[in-house]
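Engineer: One file is attached below, protein.cif, containing mmCIF, C-alpha atoms.
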```
data_run
loop_
_atom_site.label_atom_id
_atom_site.label_comp_id
_atom_site.auth_asym_id
_atom_site.auth_seq_id
_atom_site.Cartn_x
_atom_site.Cartn_y
_atom_site.Cartn_z
CA MET A 1 48.79 113.44 95.35
CA THR A 2 51.69 111.32 94.15
CA THR A 3 53.41 109.05 96.64
CA VAL A 4 57.16 109.23 96.30
CA ASP A 5 58.96 106.09 97.45
CA ASN A 6 62.73 105.80 97.22
CA GLY A 7 62.79 103.22 99.99
CA VAL A 8 64.17 105.65 102.56
CA ASN A 9 62.34 105.95 105.88
CA VAL A 10 62.77 109.70 106.15
CA GLN A 11 60.30 109.99 109.01
CA ALA A 12 62.48 107.73 111.16
CA LEU A 13 65.51 109.88 110.31
CA LEU A 14 63.64 113.09 111.18
CA ASP A 15 62.50 111.48 114.44
CA ALA A 16 66.10 110.44 115.19
CA ARG A 17 67.26 113.99 114.51
CA LYS A 18 64.76 115.28 117.06
CA ALA A 19 65.57 112.58 119.65
CA LEU A 20 69.37 113.00 119.33
CA ALA A 21 69.13 116.79 119.66
CA GLY A 22 68.26 116.15 123.31
CA ALA A 23 70.55 113.14 123.81
CA PRO A 24 73.98 113.89 122.31
CA GLU A 25 75.59 110.93 124.11
CA ALA A 26 73.38 108.50 122.15
CA ALA A 27 74.73 110.02 118.92
CA GLN A 28 78.31 108.91 119.67
CA PHE A 29 79.07 105.96 117.40
CA THR A 30 82.22 103.85 117.18
CA TRP A 31 82.73 102.01 113.90
CA ARG A 32 85.22 99.14 113.89
CA ALA A 33 87.21 96.94 111.56
CA SER A 34 89.74 94.16 112.26
CA ALA A 35 92.47 93.32 109.79
CA LYS A 36 94.60 90.21 109.48
CA TRP A 37 97.71 89.95 107.34
CA GLN A 38 97.61 87.00 104.93
CA ASN A 39 100.82 87.11 102.89
CA GLY A 40 102.70 89.74 100.92
CA VAL A 41 100.49 92.84 100.73
CA HIS A 42 97.30 90.76 100.94
CA SER A 43 95.11 91.20 104.02
CA THR A 44 91.53 90.49 105.02
CA THR A 45 89.47 92.93 107.04
CA THR A 46 86.35 91.97 108.95
CA VAL A 47 83.50 94.30 109.89
CA ARG A 48 80.71 93.21 112.19
CA ASN A 49 80.22 95.09 115.47
CA PHE A 50 79.86 98.76 116.26
CA PHE A 51 78.76 100.91 119.17
CA GLY A 52 75.91 103.42 119.02
CA LEU A 53 72.74 104.61 120.73
CA GLY A 54 74.53 103.87 124.00
CA ALA A 55 74.92 100.14 123.36
CA GLU A 56 76.88 97.51 121.46
CA GLN A 57 75.30 96.82 118.06
CA ALA A 58 76.02 94.38 115.24
CA HIS A 59 75.42 94.24 111.52
CA LYS A 60 73.05 91.45 110.43
CA SER A 61 76.06 89.60 109.06
CA GLU A 62 79.82 89.78 109.20
CA ALA A 63 81.52 91.18 106.09
CA VAL A 64 85.07 90.28 105.04
CA PHE A 65 87.10 92.30 102.55
CA ASP A 66 90.25 91.27 100.72
CA ALA A 67 92.78 93.94 99.90
CA ASP A 68 95.90 93.41 97.84
CA HIS A 69 97.78 95.12 95.02
CA PRO A 70 97.65 94.36 91.30
CA GLU A 71 100.25 92.48 89.33
CA VAL A 72 101.80 95.74 88.06
CA PHE A 73 102.84 96.25 91.72
CA ALA A 74 104.44 92.77 91.72
CA ALA A 75 101.61 91.48 93.92
CA GLU A 76 98.93 88.84 93.46
CA ASP A 77 95.79 90.95 93.03
CA ASN A 78 93.70 88.96 95.53
CA GLY A 79 91.54 92.05 96.09
CA ILE A 80 91.27 95.74 95.31
CA THR A 81 93.86 98.14 96.70
CA PRO A 82 93.34 99.88 100.04
CA ILE A 83 93.01 103.29 98.40
CA GLU A 84 90.21 102.01 96.13
CA TYR A 85 88.17 101.24 99.27
CA LEU A 86 88.06 105.00 99.84
CA LEU A 87 86.35 105.43 96.46
CA VAL A 88 83.82 102.71 97.36
CA GLY A 89 83.03 104.60 100.56
CA LEU A 90 82.73 107.95 98.81
CA ALA A 91 80.47 106.74 95.99
CA SER A 92 78.17 104.83 98.32
CA CYS A 93 77.92 107.67 100.83
CA LEU A 94 76.93 110.27 98.24
CA THR A 95 74.47 107.82 96.64
CA ALA A 96 72.75 107.13 99.99
CA GLY A 97 72.57 110.89 100.53
CA VAL A 98 70.96 111.49 97.15
CA ALA A 99 68.27 108.89 97.94
CA SER A 100 67.60 110.34 101.40
CA VAL A 101 67.43 113.96 100.28
CA ALA A 102 65.22 113.04 97.30
CA GLN A 103 62.82 111.25 99.64
CA ASN A 104 62.74 114.26 101.97
CA ARG A 105 62.07 116.60 99.04
CA GLY A 106 59.39 114.43 97.43
CA ILE A 107 61.44 113.58 94.35
CA GLN A 108 60.99 110.11 92.86
CA LEU A 109 64.29 108.63 91.70
CA ARG A 110 64.41 106.18 88.81
CA SER A 111 68.14 105.56 88.62
CA VAL A 112 71.29 106.96 90.21
CA GLU A 113 74.68 106.00 88.86
CA SER A 114 78.05 107.52 89.53
CA THR A 115 81.67 107.09 88.64
CA VAL A 116 84.50 108.11 90.91
CA GLU A 117 88.05 108.72 89.76
CA GLY A 118 90.98 109.28 92.11
CA GLN A 119 94.24 110.66 90.71
CA HIS A 120 97.24 109.14 92.45
CA ASP A 121 100.92 109.79 91.84
CA ILE A 122 102.51 106.60 93.15
CA ARG A 123 105.93 108.23 93.45
CA GLY A 124 104.77 109.25 96.95
CA ILE A 125 104.20 105.78 98.38
CA LEU A 126 107.29 104.42 96.61
CA GLY A 127 109.45 107.11 98.19
CA VAL A 128 110.68 108.44 94.84
CA ASP A 129 110.05 112.09 95.68
CA SER A 130 109.21 113.39 99.15
CA ASP A 131 107.36 116.36 97.60
CA VAL A 132 104.74 113.97 96.18
CA ARG A 133 101.98 113.15 98.65
CA ASN A 134 101.06 109.53 99.40
CA GLY A 135 97.30 109.89 98.93
CA PHE A 136 95.12 111.10 96.08
CA ASN A 137 95.99 114.35 94.30
CA ASP A 138 92.30 114.85 93.64
CA VAL A 139 89.06 112.96 93.30
CA LYS A 140 86.17 113.52 90.90
CA VAL A 141 82.66 112.11 91.22
CA THR A 142 80.22 112.27 88.29
CA PHE A 143 76.54 111.45 88.81
CA LYS A 144 73.98 110.41 86.21
CA ILE A 145 70.52 110.70 87.72
CA ASP A 146 67.17 109.88 86.20
CA ALA A 147 64.44 111.39 88.41
CA ASP A 148 61.15 113.14 88.33
CA ALA A 149 62.76 116.56 88.80
CA SER A 150 64.31 119.47 86.89
CA PRO A 151 68.06 119.56 86.23
CA GLN A 152 68.26 122.36 88.82
CA ASP A 153 66.51 120.24 91.45
CA ILE A 154 68.81 117.32 90.67
CA GLU A 155 71.87 119.57 91.06
CA ALA A 156 70.49 120.74 94.40
CA LEU A 157 69.92 117.11 95.54
CA VAL A 158 73.53 116.24 94.87
CA ALA A 159 74.78 119.41 96.53
CA GLN A 160 72.80 118.66 99.69
CA SER A 161 74.02 115.05 99.73
CA GLN A 162 77.60 116.34 99.55
CA LYS A 163 76.94 118.80 102.37
CA ARG A 164 75.82 116.01 104.74
CA SER A 165 78.18 113.25 103.61
CA ALA A 166 80.35 111.60 106.25
CA VAL A 167 82.85 110.29 103.69
CA PHE A 168 83.03 113.53 101.67
CA ASP A 169 83.97 115.29 104.91
CA ALA A 170 86.46 112.58 105.91
CA LEU A 171 88.31 112.93 102.59
CA THR A 172 88.18 116.71 102.16
CA ASN A 173 89.05 117.62 105.76
CA PRO A 174 91.79 116.28 108.04
CA THR A 175 91.08 113.72 110.77
CA ASN A 176 93.42 112.78 113.58
CA VAL A 177 94.54 109.14 113.17
CA THR A 178 96.59 107.49 115.94
CA VAL A 179 98.52 104.31 115.20
CA GLU A 180 99.79 102.22 118.12
CA VAL A 181 101.44 98.88 118.71
CA ALA A 182 99.99 96.84 121.58
CA ALA A 183 102.45 95.07 123.84
CA ALA A 184 102.96 91.49 122.62
CA MET B 1 122.12 83.56 106.56
CA THR B 2 118.40 83.42 107.22
CA THR B 3 116.06 84.00 104.32
CA VAL B 4 113.23 86.29 105.27
CA ASP B 5 110.09 85.78 103.21
CA ASN B 6 106.96 87.82 103.89
CA GLY B 7 105.76 87.27 100.33
CA VAL B 8 106.57 90.82 99.24
CA ASN B 9 108.66 91.25 96.11
CA VAL B 10 110.69 94.14 97.48
CA GLN B 11 113.22 93.99 94.66
CA ALA B 12 110.46 94.71 92.14
CA LEU B 13 109.33 97.68 94.23
CA LEU B 14 112.88 99.03 94.49
CA ASP B 15 113.27 98.60 90.73
CA ALA B 16 109.96 100.43 90.19
CA ARG B 17 111.15 103.26 92.42
CA LYS B 18 114.26 103.62 90.30
CA ALA B 19 112.37 103.38 86.99
CA LEU B 20 109.66 105.87 88.00
CA ALA B 21 112.22 108.40 89.25
CA GLY B 22 113.06 108.96 85.59
CA ALA B 23 109.51 108.56 84.24
CA PRO B 24 107.10 110.55 86.43
CA GLU B 25 104.31 110.30 83.82
CA ALA B 26 104.21 106.49 84.25
CA ALA B 27 103.61 107.00 87.99
CA GLN B 28 100.29 108.78 87.39
CA PHE B 29 97.54 106.34 88.33
CA THR B 30 93.77 106.78 88.14
CA TRP B 31 91.74 104.50 90.41
CA ARG B 32 88.03 104.12 89.60
CA ALA B 33 84.78 102.90 91.08
CA SER B 34 81.23 102.89 89.70
CA ALA B 35 78.22 102.99 91.99
CA LYS B 36 74.61 102.09 91.30
CA TRP B 37 71.72 102.96 93.60
CA GLN B 38 69.62 99.92 94.53
CA ASN B 39 66.88 101.13 96.89
CA GLY B 40 66.77 103.23 100.03
CA VAL B 41 70.34 103.88 101.14
CA HIS B 42 71.57 100.61 99.62
CA SER B 43 74.00 100.81 96.70
CA THR B 44 76.46 98.54 94.95
CA THR B 45 79.87 99.75 93.83
CA THR B 46 81.99 97.97 91.24
CA VAL B 47 85.77 98.17 90.92
CA ARG B 48 87.62 96.66 87.97
CA ASN B 49 89.65 98.98 85.75
CA PHE B 50 92.32 101.53 86.49
CA PHE B 51 94.94 103.49 84.61
CA GLY B 52 98.65 103.37 85.36
CA LEU B 53 102.11 102.92 83.83
CA GLY B 54 100.76 104.88 80.86
CA ALA B 55 98.06 102.34 79.95
CA GLU B 56 94.64 101.01 80.88
CA GLN B 57 94.90 98.17 83.39
CA ALA B 58 92.41 95.81 85.02
CA HIS B 59 92.23 93.80 88.21
CA LYS B 60 92.18 90.02 87.67
CA SER B 61 88.49 90.07 88.59
CA GLU B 62 85.72 92.57 89.13
CA ALA B 63 84.79 93.27 92.74
CA VAL B 64 81.33 94.43 93.84
CA PHE B 65 80.64 96.00 97.24
CA ASP B 66 77.28 96.49 98.94
CA ALA B 67 76.85 99.51 101.17
CA ASP B 68 73.80 100.23 103.28
CA HIS B 69 72.97 101.37 106.80
CA PRO B 70 72.06 99.23 109.80
CA GLU B 71 68.57 98.77 111.19
CA VAL B 72 69.20 101.38 113.92
CA PHE B 73 69.26 103.88 111.00
CA ALA B 74 65.86 102.54 109.82
CA ALA B 75 67.60 100.84 106.87
CA GLU B 76 67.98 97.21 105.78
CA ASP B 77 71.65 96.51 106.55
CA ASN B 78 72.41 94.95 103.17
CA GLY B 79 76.06 95.89 103.62
CA ILE B 80 78.43 97.87 105.80
CA THR B 81 78.13 101.66 105.95
CA PRO B 82 80.10 103.90 103.58
CA ILE B 83 82.22 105.29 106.41
CA GLU B 84 83.23 101.77 107.50
CA TYR B 85 84.82 101.30 104.05
CA LEU B 86 87.32 103.98 105.08
CA LEU B 87 88.38 101.82 108.02
CA VAL B 88 88.79 98.80 105.71
CA GLY B 89 91.05 100.93 103.49
CA LEU B 90 93.08 102.24 106.42
CA ALA B 91 93.65 98.87 108.09
CA SER B 92 94.61 97.14 104.85
CA CYS B 93 96.93 99.94 103.73
CA LEU B 94 98.90 99.99 106.98
CA THR B 95 99.06 96.17 107.02
CA ALA B 96 100.46 96.04 103.49
CA GLY B 97 102.98 98.66 104.52
CA VAL B 98 104.10 96.66 107.55
CA ALA B 99 104.69 93.60 105.35
CA SER B 100 106.63 95.59 102.75
CA VAL B 101 108.82 97.45 105.23
CA ALA B 102 109.50 94.23 107.18
CA GLN B 103 110.61 92.53 103.98
CA ASN B 104 112.89 95.44 103.12
CA ARG B 105 114.41 95.38 106.62
CA GLY B 106 114.90 91.61 106.74
CA ILE B 107 112.30 91.03 109.48
CA GLN B 108 110.29 87.81 109.31
CA LEU B 109 106.65 88.38 110.24
CA ARG B 110 104.61 85.61 111.84
CA SER B 111 101.31 87.43 112.33
CA VAL B 112 99.99 90.96 111.96
CA GLU B 113 96.58 91.86 113.30
CA SER B 114 95.01 95.24 113.83
CA THR B 115 91.81 96.80 115.00
CA VAL B 116 90.61 100.18 113.82
CA GLU B 117 88.07 102.30 115.65
CA GLY B 118 86.52 105.45 114.24
CA GLN B 119 84.63 107.81 116.54
CA HIS B 120 81.65 109.36 114.82
CA ASP B 121 79.10 111.80 116.20
CA ILE B 122 76.11 111.20 113.93
CA ARG B 123 74.52 114.53 114.87
CA GLY B 124 76.58 115.93 111.98
CA ILE B 125 75.10 113.86 109.16
CA LEU B 126 71.59 114.12 110.66
CA GLY B 127 71.82 117.90 110.69
CA VAL B 128 71.19 118.17 114.44
CA ASP B 129 74.06 120.57 115.07
CA SER B 130 76.06 122.36 112.38
CA ASP B 131 79.07 122.56 114.71
CA VAL B 132 79.41 118.77 114.61
CA ARG B 133 81.40 117.53 111.64
CA ASN B 134 80.00 114.86 109.32
CA GLY B 135 83.04 112.59 109.32
CA PHE B 136 85.05 110.87 112.04
CA ASN B 137 86.12 112.83 115.11
CA ASP B 138 89.16 110.63 115.36
CA VAL B 139 90.45 107.23 114.39
CA LYS B 140 92.66 104.83 116.32
CA VAL B 141 94.55 101.85 114.92
CA THR B 142 96.09 99.24 117.24
CA PHE B 143 98.50 96.65 115.87
CA LYS B 144 99.44 93.29 117.37
CA ILE B 145 102.51 91.97 115.61
CA ASP B 146 104.38 88.73 116.11
CA ALA B 147 107.73 88.97 114.36
CA ASP B 148 111.34 88.07 114.62
CA ALA B 149 112.27 91.55 115.88
CA SER B 150 112.58 93.66 119.03
CA PRO B 151 109.64 95.77 120.24
CA GLN B 152 111.61 98.84 119.09
CA ASP B 153 112.07 97.43 115.59
CA ILE B 154 108.37 96.57 115.43
CA GLU B 155 107.45 100.12 116.49
CA ALA B 156 109.75 101.43 113.76
CA LEU B 157 108.13 99.12 111.16
CA VAL B 158 104.69 100.49 111.96
CA ALA B 159 105.94 104.08 111.96
CA GLN B 160 107.49 103.65 108.52
CA SER B 161 104.33 102.01 107.18
CA GLN B 162 102.32 105.00 108.41
CA LYS B 163 104.79 107.41 106.79
CA ARG B 164 104.29 105.82 103.35
CA SER B 165 100.59 104.97 103.60
CA ALA B 166 98.30 106.30 100.88
CA VAL B 167 95.18 105.91 103.01
CA PHE B 168 96.71 107.35 106.19
CA ASP B 169 97.57 110.45 104.16
CA ALA B 170 94.14 110.58 102.51
CA LEU B 171 92.42 110.59 105.91
CA THR B 172 94.78 112.86 107.83
CA ASN B 173 95.23 115.49 105.11
CA PRO B 174 92.63 117.23 102.93
CA THR B 175 92.01 116.22 99.32
CA ASN B 176 90.06 118.18 96.76
CA VAL B 177 86.89 116.26 95.80
CA THR B 178 84.72 117.58 92.95
CA VAL B 179 81.14 116.33 92.59
CA GLU B 180 79.32 116.93 89.30
CA VAL B 181 76.08 115.93 87.65
CA ALA B 182 76.39 114.86 84.01
CA ALA B 183 73.74 116.15 81.62
CA ALA B 184 70.97 113.54 81.31
#
```
How would this structure read if it were set down as structure tokens?
Structural biologist:
Amino acid sequence: MTTVDNGVNVQALLDARKALAGAPEAAQFTWRASAKWQNGVHSTTTVRNFFGLGAEQAHKSEAVFDADHPEVFAAEDNGITPIEYLLVGLASCLTAGVASVAQNRGIQLRSVESTVEGQHDIRGILGVDSDVRNGFNDVKVTFKIDADASPQDIEALVAQSQKRSAVFDALTNPTNVTVEVAAA
Amino acid sequence: MTTVDNGVNVQALLDARKALAGAPEAAQFTWRASAKWQNGVHSTTTVRNFFGLGAEQAHKSEAVFDADHPEVFAAEDNGITPIEYLLVGLASCLTAGVASVAQNRGIQLRSVESTVEGQHDIRGILGVDSDVRNGFNDVKVTFKIDADASPQDIEALVAQSQKRSAVFDALTNPTNVTVEVAAA
């Protein structure tokens, strides 16, 4: 018998699935980020703490992300644009899903690469034409996967990853977002 | 007359609005990211090139982002989770918008801070309950702004930023996302 090891602890995830089925309140997570304006359209956003399993949790280390706009937007390009962070989230979510599903199905992965392209008509955000939306018109993800599996099984892996992806859902379906200003 | 300087070149943006009104094809941007699976649910995503103004463009430098899952997900926490990248994008997009709108309205900003919280029931992604969605249930952004303006003007700044935000639109409205596997 071959031992498949993609580095995913599927047993722990299956155990968590069983445990959370009887404890829905423990499954309620709150993810957080804090942003600070630097100058112009440059900001830094920090991610460290979150809430889950009924308690405050923290990542092993704090992560800080610069966002800015490129010089063709008359900005200083001190970081990628905000909308590109959505592509980072999408690619990484689907990739994690492919690894998890492969582990669960006994498929050894050798390499998983993907490219994501988001089509964006910037007339929306510039206010040129109110019929043009502000966000992406559409997004395309293309995977290249080298694994010990048939092309059909690889297609099925990717389909299952998509079906369970938090970020795929967040981009393809609407979410309520409330924006408030705290009293000074 | 006071000179307001938030570091945003609003004149260039107004000029771009005018120029792109007559050249919609130049307004078509393609943003890109490339992801590579590392091990387990850890991946790295690289952002460098994009297309816009009718030509290939590049950021000043390449940016690489680690994504992983925390130890409570039986993973190694080599980076923030994919879904947290959406919060980074949202916070930074709204912050850039606040700076741009303030500049356009002659409002001097002193500080802009925000916190973003995304509520996430992880029973969706774990497949515990198919009635639970995979993505966020809802997201809340809270701004704290110190500026040379009335509370009403600050509220209006934030509202206008939200109205023109690429990421706010991408999260609150659906986008078509296609996922394909390239032939090996």
Engineer: Exactly which residues make up the result of the PyMOL selection byres ((chain B and resi 173) around 9) on this file, given as a PyMOL selection string?
Structural biologist: (chain A and resi 135+171-175) or (chain B and resi 168-172+174-175)
Engineer: Report as a list in words the residues that result from applying the PyMOL selection byres ((chain A and resi 66) around 9) to the structure here.
Structural biologist: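 That expression, the PyMOL selection byres ((chain A and resi 66) around 9), corresponds here to His42, Ser43, Thr44, Thr45, Val64, Phe65, Ala67, Asp68, Asn78, Gly79, Ile80 and Thr81 of chain A; Ser92 of chain B.
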Engineer: May I have chain A as a compact mmCIF listing (two decimals) with C-alpha atoms, in the coordinates of the input, after a least-squares superposition on chain B that uses all C-alpha atoms paired in order?
Structural biologist:
```txt
# COMPACT_ATOMS: atom_id res chain seq x y z
CA MET A 1 122.15 83.56 106.59
CA THR A 2 118.42 83.43 107.23
CA THR A 3 116.07 84.00 104.32
CA VAL A 4 113.24 86.29 105.27
CA ASP A 5 110.08 85.78 103.22
CA ASN A 6 106.96 87.81 103.88
CA GLY A 7 105.74 87.27 100.33
CA VAL A 8 106.57 90.81 99.24
CA ASN A 9 108.68 91.25 96.11
CA VAL A 10 110.70 94.14 97.48
CA GLN A 11 113.22 93.99 94.66
CA ALA A 12 110.47 94.71 92.13
CA LEU A 13 109.33 97.67 94.24
CA LEU A 14 112.88 99.03 94.50
CA ASP A 15 113.27 98.60 90.74
CA ALA A 16 109.96 100.43 90.18
CA ARG A 17 111.15 103.24 92.44
CA LYS A 18 114.27 103.62 90.30
CA ALA A 19 112.37 103.38 86.98
CA LEU A 20 109.65 105.87 88.03
CA ALA A 21 112.22 108.40 89.26
CA GLY A 22 113.06 108.94 85.59
CA ALA A 23 109.51 108.55 84.24
CA PRO A 24 107.09 110.54 86.42
CA GLU A 25 104.30 110.30 83.83
CA ALA A 26 104.21 106.50 84.25
CA ALA A 27 103.61 107.01 87.98
CA GLN A 28 100.28 108.79 87.40
CA PHE A 29 97.52 106.34 88.33
CA THR A 30 93.76 106.78 88.14
CA TRP A 31 91.73 104.51 90.40
CA ARG A 32 88.03 104.12 89.60
CA ALA A 33 84.78 102.91 91.09
CA SER A 34 81.22 102.89 89.69
CA ALA A 35 78.22 102.99 91.98
CA LYS A 36 74.61 102.10 91.30
CA TRP A 37 71.72 102.96 93.59
CA GLN A 38 69.61 99.92 94.52
CA ASN A 39 66.89 101.13 96.88
CA GLY A 40 66.76 103.24 100.03
CA VAL A 41 70.34 103.87 101.14
CA HIS A 42 71.56 100.60 99.60
CA SER A 43 73.99 100.82 96.69
CA THR A 44 76.47 98.55 94.95
CA THR A 45 79.87 99.75 93.83
CA THR A 46 81.98 97.97 91.24
CA VAL A 47 85.76 98.16 90.93
CA ARG A 48 87.60 96.66 87.98
CA ASN A 49 89.64 98.97 85.74
CA PHE A 50 92.30 101.54 86.50
CA PHE A 51 94.92 103.50 84.61
CA GLY A 52 98.64 103.36 85.34
CA LEU A 53 102.09 102.91 83.81
CA GLY A 54 100.75 104.87 80.85
CA ALA A 55 98.05 102.35 79.94
CA GLU A 56 94.62 101.01 80.86
CA GLN A 57 94.90 98.17 83.38
CA ALA A 58 92.41 95.81 85.01
CA HIS A 59 92.21 93.81 88.20
CA LYS A 60 92.16 90.03 87.66
CA SER A 61 88.48 90.08 88.59
CA GLU A 62 85.71 92.58 89.11
CA ALA A 63 84.79 93.28 92.74
CA VAL A 64 81.33 94.43 93.86
CA PHE A 65 80.63 96.00 97.24
CA ASP A 66 77.28 96.50 98.93
CA ALA A 67 76.85 99.51 101.16
CA ASP A 68 73.80 100.23 103.27
CA HIS A 69 72.97 101.37 106.79
CA PRO A 70 72.04 99.24 109.80
CA GLU A 71 68.57 98.77 111.19
CA VAL A 72 69.19 101.38 113.91
CA PHE A 73 69.26 103.88 111.00
CA ALA A 74 65.88 102.54 109.80
CA ALA A 75 67.60 100.84 106.86
CA GLU A 76 67.97 97.22 105.77
CA ASP A 77 71.63 96.52 106.55
CA ASN A 78 72.40 94.94 103.17
CA GLY A 79 76.06 95.90 103.61
CA ILE A 80 78.43 97.89 105.80
CA THR A 81 78.12 101.67 105.94
CA PRO A 82 80.10 103.89 103.58
CA ILE A 83 82.21 105.29 106.41
CA GLU A 84 83.24 101.77 107.49
CA TYR A 85 84.82 101.30 104.04
CA LEU A 86 87.31 103.98 105.07
CA LEU A 87 88.38 101.82 108.02
CA VAL A 88 88.79 98.81 105.70
CA GLY A 89 91.05 100.91 103.49
CA LEU A 90 93.09 102.24 106.40
CA ALA A 91 93.65 98.87 108.08
CA SER A 92 94.61 97.14 104.85
CA CYS A 93 96.94 99.93 103.73
CA LEU A 94 98.91 99.98 106.98
CA THR A 95 99.05 96.16 107.03
CA ALA A 96 100.47 96.03 103.47
CA GLY A 97 103.01 98.66 104.52
CA VAL A 98 104.10 96.67 107.55
CA ALA A 99 104.70 93.60 105.36
CA SER A 100 106.64 95.58 102.75
CA VAL A 101 108.83 97.44 105.23
CA ALA A 102 109.51 94.23 107.18
CA GLN A 103 110.62 92.52 103.97
CA ASN A 104 112.90 95.45 103.12
CA ARG A 105 114.41 95.39 106.61
CA GLY A 106 114.89 91.62 106.75
CA ILE A 107 112.32 91.04 109.47
CA GLN A 108 110.30 87.82 109.31
CA LEU A 109 106.66 88.39 110.24
CA ARG A 110 104.61 85.62 111.84
CA SER A 111 101.32 87.43 112.33
CA VAL A 112 99.99 90.97 111.96
CA GLU A 113 96.58 91.86 113.29
CA SER A 114 95.02 95.23 113.83
CA THR A 115 91.82 96.81 115.01
CA VAL A 116 90.61 100.18 113.83
CA GLU A 117 88.07 102.30 115.65
CA GLY A 118 86.51 105.45 114.22
CA GLN A 119 84.63 107.81 116.55
CA HIS A 120 81.64 109.36 114.82
CA ASP A 121 79.11 111.81 116.19
CA ILE A 122 76.11 111.20 113.94
CA ARG A 123 74.53 114.52 114.87
CA GLY A 124 76.58 115.94 111.97
CA ILE A 125 75.10 113.85 109.17
CA LEU A 126 71.61 114.12 110.67
CA GLY A 127 71.84 117.91 110.69
CA VAL A 128 71.20 118.17 114.44
CA ASP A 129 74.07 120.57 115.09
CA SER A 130 76.05 122.36 112.39
CA ASP A 131 79.07 122.57 114.73
CA VAL A 132 79.40 118.76 114.61
CA ARG A 133 81.40 117.53 111.63
CA ASN A 134 80.00 114.85 109.32
CA GLY A 135 83.05 112.58 109.32
CA PHE A 136 85.04 110.87 112.04
CA ASN A 137 86.11 112.84 115.12
CA ASP A 138 89.16 110.63 115.35
CA VAL A 139 90.45 107.22 114.38
CA LYS A 140 92.66 104.82 116.33
CA VAL A 141 94.55 101.85 114.92
CA THR A 142 96.08 99.24 117.24
CA PHE A 143 98.50 96.63 115.87
CA LYS A 144 99.44 93.28 117.39
CA ILE A 145 102.52 91.97 115.62
CA ASP A 146 104.37 88.72 116.14
CA ALA A 147 107.74 88.97 114.36
CA ASP A 148 111.35 88.08 114.65
CA ALA A 149 112.29 91.55 115.89
CA SER A 150 112.59 93.67 119.05
CA PRO A 151 109.65 95.77 120.25
CA GLN A 152 111.62 98.84 119.11
CA ASP A 153 112.07 97.43 115.61
CA ILE A 154 108.37 96.57 115.45
CA GLU A 155 107.45 100.12 116.50
CA ALA A 156 109.75 101.44 113.77
CA LEU A 157 108.13 99.13 111.16
CA VAL A 158 104.70 100.49 111.96
CA ALA A 159 105.94 104.07 111.97
CA GLN A 160 107.49 103.66 108.52
CA SER A 161 104.33 102.01 107.18
CA GLN A 162 102.33 105.01 108.42
CA LYS A 163 104.79 107.41 106.80
CA ARG A 164 104.30 105.83 103.35
CA SER A 165 100.60 104.97 103.59
CA ALA A 166 98.31 106.30 100.87
CA VAL A 167 95.18 105.90 103.00
CA PHE A 168 96.73 107.35 106.18
CA ASP A 169 97.59 110.45 104.15
CA ALA A 170 94.14 110.58 102.51
CA LEU A 171 92.43 110.58 105.92
CA THR A 172 94.79 112.86 107.85
CA ASN A 173 95.23 115.49 105.12
CA PRO A 174 92.64 117.23 102.94
CA THR A 175 92.02 116.20 99.32
CA ASN A 176 90.07 118.18 96.77
CA VAL A 177 86.89 116.26 95.81
CA THR A 178 84.71 117.57 92.95
CA VAL A 179 81.15 116.32 92.59
CA GLU A 180 79.33 116.91 89.30
CA VAL A 181 76.08 115.94 87.64
CA ALA A 182 76.38 114.87 84.00
CA ALA A 183 73.74 116.13 81.62
CA ALA A 184 70.95 113.55 81.31
```
Engineer: Could you tell me how far CA of Val181 in chain A lies from CA of Leu109 in chain B, in Å and to one decimal?
Structural biologist: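 Computing it gives 14.5 Å between the two atoms.
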Engineer: If the PyMOL selection byres ((chain B and resi 23-28) around 8) is run on the structure shown, which residues does it catch, given as a list in words?
Structural biologist: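 After applying the PyMOL selection byres ((chain B and resi 23-28) around 8), what remains is Gln119, His120, Asp121, Ile122 and Arg123 of chain A; Ala19, Leu20, Ala21, Gly22, Phe29, Thr30, Gly52, Leu53 and Gly54 of chain B.
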Engineer: Do you have the CA of Arg105 in chain A-CA of Gln162 in chain A distance handy?
Structural biologist: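 It comes out at 15.5 Å.
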Engineer: Enter the distance from CA of Glu56 in chain B to CA of Ser100 in chain B, in Å, rounded to one decimal.
Structural biologist: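 Rounded to one decimal, the two atoms are 25.5 Å apart.
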Engineer: Mind listing whatever residues come within 8 Å of the point (108.5, 98.9, 98.2)? Use only C-alpha atoms, file coordinates, and give them as a list of chain:residue names.
Structural biologist: A:Leu126, B:Asn9, B:Val10, B:Gln11, B:Ala12, B:Leu13, B:Leu14, B:Arg17, B:Ser100, B:Val101, B:Asn104
